[in-house]
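Remarks on the structure that follows.
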Amino acid sequence: MRHYCSVLVVSFFLSGFALAQSSSTKPKPVKPAKTPFVRLNAGLGKQILRRMTKAELTVSFLGREVTVGQDGRNTEQWVKRDPKRGIRRESIKPEGILLVDNQKRQFLVNQKEKFYREGKSQLAEFQKRYMEALRVGEGALIIEFQGQDSIAGRLADVVLLHPAIGRAGSSRRFWVDRETGLRLRTEERAQEGRILSNTYYLSLELNPVLRDEDFAPPPIPAGFPRTVDTLKRYATLEEAAKDGVIVRQPGWLPAGFRLRRITASQGPHSPIHVQWGNDLTAISLALVHGAMPPMILRMLAGNEAGFVQLNNGERAYAWKFSEGYYMLLGNLPDDQLKRIADSVK
């Protein structure tokens, strides 16, 4: 589900070119340019990323996209993107999942799990995060141009973003189409080098004929319950407190992390999610009232706290408290996740 919801925050939409010949083989690793060349072209890397951001706001496309998660499992989907009308994702593997985001509302239909969810559009938030990353302060983020490669038969410029020395977070490498500026591939790696996700296009078509119906709210299948997102979003702790949402904060966070948002559903015992980020990666803390799910309990093997591996491949630290449990997720080393968890008061 990670690549259909938001996660859509950590999932990257968009890209383009002409429905070319499909290939099921994974892209080969890029050969980075020599270090002096990289340093001389840091400015070029930033320019390429700005072109990528602009292309995602202006270019229409149809693409067949593959995502490989850190657990090795693949998802595959058709992606239809119209900058004025939104985005549509139809799953190929696994089958039966449809996501439509028309830049006003987002709709998710899962045939296997039989649910229909409607919520706030995530496209605006996605673009905002890109622009924030490009405006990050001097010394917090390193941008390197690494040379050229070929994805889906297209010539691509390769740009690496990674934290500066002393900063925590994952790194991301982008393959950006030389002609259009569209993103052809994205690779995310944890700080210790482990691949977290690898997303790339097998085939792409520029300016396809797309219908208004592609971006309209999908019909609700018979017998599917319709769930509407009732989340309220807060920018500050003070704003949340006015609504009675009290958030426990960690006493320690890695350098450069700051509060991004707080979300809470309506109701006195609804889950509360807090997210912090450093422009390259995010960590989130969920406070859930009620019993811990059996799957998590099995992974903890009788302990009150510990690391768990979630079904979507993400790694988290979970621990119980008197009225429920906490779950801390983030692409950080285990010792840092535990230090954050231990500091929550």
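By convention here, the chains of the structure tokens are called A, B, ... in the order presented, each chain's residues are numbered starting at 1, and ligands are numbered starting at 1 in the order presented.
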Ile143 (chain A) surroundings by only C-alpha atoms, 8 Å radius, close-in-sequence under 2 positions cut, as a ChimeraX atom specification
/A:42-43,45-46,141,145,159-162
Spatial neighbours of Arg183 (chain A), 12 Å, only C-alpha atoms, chain gap at least 4 places, as a ChimeraX atom specification
/A:12-17,48-57,59,61,63,65,150-152,154-159,173-179,187,199-201,204
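Between CA of Ala164 (chain A) and CA of Ile142 (chain A) the separation is 5.7 Å.
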What's the 9 Å shell around region 321-327 of chain A, counting only C-alpha atoms, without same-chain residues fewer than 4 positions away, as a ChimeraX atom specification?
/A:284-292,304,316-317,341
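Distances from A:Trp319, A:Tyr234, A:Leu99, A:Ala240 to Asn303 (chain A) were compared using only C-alpha atoms, and the smallest one belongs to A:Trp319.
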Skip Val209 (chain A) itself and residues of its chain fewer than 6 positions away, then list as a JSON list (two decimals) with C-alpha atoms, in the first residue's frame all residues within 10 Å of it, counting only C-alpha atoms.
[["chain", "number", "residue", "atom", "x", "y", "z"],
["A", 60, "SER", "CA", 1.38, 14.85, -19.57],
["A", 61, "PHE", "CA", 2.29, 11.15, -19.86],
["A", 62, "LEU", "CA", 1.31, 7.49, -19.69],
["A", 80, "LYS", "CA", -1.64, 8.35, -16.16],
["A", 82, "ASP", "CA", -2.17, 15.19, -16.56]]
Need the shell around region 255-257 of chain A: protein/DNA/RNA residues with any atom at most 6 Å away, counting only C-alpha atoms. Skip same-chain ones fewer than 3 positions apart. Format as a count of residues only?
4
